[in-house]
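Chemist: TSV, C-alpha atoms and all ligand atoms, saved as protein_33.tsv, coming up:
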```tsv
chain	number	residue	atom	x	y	z
A	218	MET	CA	39.41	-18.02	-34.01
A	219	THR	CA	40.89	-21.51	-34.03
A	220	ASP	CA	43.32	-20.96	-31.20
A	221	HIS	CA	40.56	-19.93	-28.89
A	222	ASP	CA	38.57	-23.07	-29.66
A	223	ALA	CA	41.57	-25.25	-28.92
A	224	VAL	CA	42.09	-23.58	-25.58
A	225	ALA	CA	38.46	-23.95	-24.72
A	226	VAL	CA	38.60	-27.69	-25.35
A	227	GLU	CA	41.76	-28.05	-23.35
A	228	ASP	CA	40.24	-26.10	-20.52
A	229	PHE	CA	37.02	-28.03	-20.58
A	230	ARG	CA	38.52	-31.49	-20.48
A	231	PRO	CA	40.44	-31.29	-17.21
A	232	THR	CA	37.43	-29.63	-15.59
A	233	PHE	CA	35.22	-32.47	-16.72
A	234	LEU	CA	37.65	-35.07	-15.42
A	235	ALA	CA	37.96	-33.27	-12.12
A	236	LYS	CA	34.21	-33.21	-11.80
A	237	THR	CA	33.84	-36.94	-12.36
A	238	THR	CA	36.68	-37.66	-9.97
A	239	MET	CA	35.05	-35.42	-7.42
A	240	ALA	CA	31.76	-37.20	-7.93
A	241	ARG	CA	33.49	-40.50	-7.41
A	242	GLU	CA	35.27	-39.23	-4.33
A	243	ALA	CA	32.01	-37.85	-3.01
A	244	ALA	CA	30.39	-41.23	-3.47
A	245	ASP	CA	33.27	-42.93	-1.68
A	246	ALA	CA	33.12	-40.36	1.07
A	247	ALA	CA	29.39	-40.91	1.46
A	248	ILE	CA	29.92	-44.64	1.84
A	249	GLY	CA	32.74	-44.00	4.28
A	250	ALA	CA	30.58	-41.59	6.27
A	251	THR	CA	27.79	-44.13	6.45
A	252	LYS	CA	30.15	-46.76	7.77
A	253	LYS	CA	31.63	-44.28	10.22
A	254	ALA	CA	28.17	-43.29	11.41
A	255	LEU	CA	27.27	-46.94	11.92
A	256	VAL	CA	30.42	-47.61	13.90
A	257	GLU	CA	29.95	-44.47	15.99
A	258	MET	CA	26.31	-45.30	16.63
A	259	GLY	CA	27.37	-48.74	17.77
A	260	ARG	CA	30.03	-47.33	20.08
A	261	LYS	CA	27.55	-44.91	21.58
A	262	HIS	CA	25.32	-47.82	22.46
A	263	GLY	CA	28.18	-49.86	23.78
A	264	ARG	CA	28.20	-52.18	20.82
A	265	ASP	CA	31.26	-53.48	19.14
A	266	VAL	CA	30.58	-52.82	15.48
A	267	ARG	CA	32.78	-54.51	12.94
A	268	LEU	CA	32.74	-54.13	9.22
A	269	VAL	CA	32.71	-57.41	7.41
A	270	HIS	CA	33.19	-58.09	3.76
A	271	PRO	CA	29.97	-59.81	2.79
A	272	ALA	CA	31.28	-61.69	-0.24
A	273	ARG	CA	30.95	-65.44	-0.47
A	274	THR	CA	29.47	-66.02	2.92
A	275	THR	CA	27.36	-68.71	1.33
A	276	MET	CA	30.48	-70.45	0.09
A	277	ASP	CA	32.56	-70.58	3.25
A	278	CYS	CA	32.20	-73.20	5.93
A	279	ALA	CA	31.57	-71.59	9.31
A	280	ARG	CA	33.17	-74.54	11.07
A	281	CYS	CA	36.42	-75.13	9.20
A	282	GLY	CA	36.61	-72.14	6.84
A	283	ALA	CA	36.78	-74.24	3.70
A	284	ARG	CA	35.35	-72.61	0.62
A	285	THR	CA	33.17	-74.49	-1.77
A	286	LYS	CA	34.03	-74.23	-5.43
A	287	HIS	CA	30.58	-73.04	-6.36
A	288	ALA	CA	28.08	-70.83	-4.61
A	289	LEU	CA	25.08	-72.68	-3.35
A	290	PRO	CA	22.12	-72.41	-5.66
A	291	LEU	CA	19.36	-70.39	-3.98
A	292	SER	CA	17.14	-73.45	-3.97
A	293	GLU	CA	19.66	-75.24	-1.78
A	294	ARG	CA	18.80	-74.33	1.78
A	295	THR	CA	21.38	-76.49	3.49
A	296	TYR	CA	25.11	-75.91	3.52
A	297	THR	CA	27.10	-79.10	3.45
A	298	CYS	CA	30.85	-78.85	3.81
A	299	ALA	CA	32.85	-81.23	1.68
A	300	ALA	CA	35.93	-80.67	3.83
A	301	CYS	CA	34.70	-81.27	7.38
A	302	GLY	CA	31.22	-82.64	6.79
A	303	ALA	CA	29.45	-79.86	8.66
A	304	VAL	CA	25.79	-79.60	7.75
A	305	SER	CA	23.81	-76.52	8.72
A	306	PRO	CA	21.01	-74.36	7.37
A	307	ARG	CA	22.38	-72.05	4.70
A	308	ASP	CA	21.41	-68.82	6.48
A	309	LYS	CA	22.86	-69.98	9.76
A	310	ASN	CA	26.13	-70.94	8.13
A	311	SER	CA	26.35	-67.53	6.41
A	312	ALA	CA	25.62	-65.71	9.66
A	313	ARG	CA	28.34	-67.66	11.43
A	314	VAL	CA	30.81	-66.93	8.63
A	315	MET	CA	30.06	-63.21	9.09
A	316	LEU	CA	30.73	-63.48	12.82
A	317	VAL	CA	33.96	-65.36	12.29
A	318	ARG	CA	35.11	-62.77	9.76
A	319	ALA	CA	34.32	-60.02	12.27
A	320	GLY	CA	36.68	-61.74	14.67
A	321	LEU	CA	33.84	-62.87	16.90
A	322	ASN	CA	33.30	-66.37	18.10
A	323	PRO	CA	29.87	-67.47	16.94
A	324	ASP	CA	29.72	-69.97	19.78
A	325	GLY	CA	30.17	-67.19	22.31
A	326	VAL	CA	33.16	-68.80	24.00
A	327	GLU	CA	35.17	-66.05	25.62
A	328	GLY	CA	38.92	-65.76	25.64
A	329	THR	CA	39.53	-67.50	22.36
A	330	ARG	CA	41.02	-65.73	19.41
A	331	PRO	CA	39.74	-66.42	15.94
A	332	PRO	CA	42.16	-68.50	13.91
A	333	GLY	CA	44.72	-66.29	12.24
A	334	ALA	CA	44.12	-63.31	14.50
A	335	LEU	CA	47.29	-61.43	15.27
A	336	PRO	CA	48.24	-60.54	18.81
A	337	LEU	CA	47.70	-56.82	19.40
A	338	GLU	CA	51.43	-56.17	19.71
A	339	ALA	CA	52.03	-57.55	16.22
A	340	ALA	CA	49.11	-55.82	14.57
B	1	ZN	ZN	33.84	-77.35	6.93
```
Would you mind writing the file's structure down as structure tokens?
Modeler:
Amino acid sequence: MTDHDAVAVEDFRPTFLAKTTMAREAADAAIGATKKALVEMGRKHGRDVRLVHPARTTMDCARCGARTKHALPLSERTYTCAACGAVSPRDKNSARVMLVRAGLNPDGVEGTRPPGALPLEAA
């Protein structure tokens, strides 16, 4: 019966799409749960956990925030900023960029806001 076949296909398709969407949502939820667990674990231990986008930390200058046009080749162990002339070991620069992005001052000076940080009232 042709009609029955057509209905079966129509029925199958949305189910399949829903399943893939659910799988995607489940994956997103799992990532979200992991982040949440990390943040909660940090809070429990009195740590201030901040999520930082890890992209291009090897391209940004930790001192002035300038971004190089090209990522450093892996063989290049030293970050040299063309904008402000800062020279630091690649890993150290990346780590500082992460701290700056998290809104922390890598130099540990208290009472200073990271550049561009909004006052709490405006956030
Ligand atoms: Zn710089």
Chemist: What does the list of residues within 8 Å of ligand ZN 1 (chain B) look like if you count all atoms listed in the file, written as a PyMOL selection string?
Modeler: chain A and resi 277-283+297-303
Chemist: Calculate how many Å separate atom CA of Ala243 of chain A from atom CA of Leu268 of chain A, rounding to one decimal.
Modeler: 20.4 Å
Chemist: Put a box with edges along x, y and z around all the listed atoms of segment 301-307 of chain A, pad it by 5 Å on each side, then give me its centre and sizes in Å, one decimal, as lines of an AutoDock Vina configuration file.
Modeler:
```
center_x = 27.9
center_y = -77.3
center_z = 6.7
size_x = 23.7
size_y = 20.6
size_z = 14.0
```
Chemist: Report, in Å with one decimal, the straight-line distance from atom CA of Arg318 of chain A to atom CA of Lys253 of chain A.
Modeler: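 Distance reported for this atom pair: 18.8 Å.
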Chemist: Just the number, please: distance in Å from atom CA of Asp308 of chain A to atom CA of Val266 of chain A, one decimal.
Modeler: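 Atom-to-atom, atom CA of Asp308 of chain A to atom CA of Val266 of chain A, that is 20.5 Å.
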Chemist: Around the point (24.1, -68.0, 6.8) (coordinates from the file), which residues reach within 6 Å if we count all atoms listed in the file? Answer as a VMD selection string.
Modeler: chain A and resid 307 to 312
Chemist: Kindly provide, as a list in words, the polymer residues lying within 10 Å of (32.7, -60.8, 11.0), counting all atoms listed in the file and using the coordinates exactly as they appear in the file.
Modeler: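 Residues lying no farther than 10 Å from the given point: Val266, Arg267, Leu268, Val269, His270, Pro271, Ala312, Arg313, Val314, Met315, Leu316, Val317, Arg318, Ala319, Gly320, Leu321, Asn322 and Pro323 of chain A.
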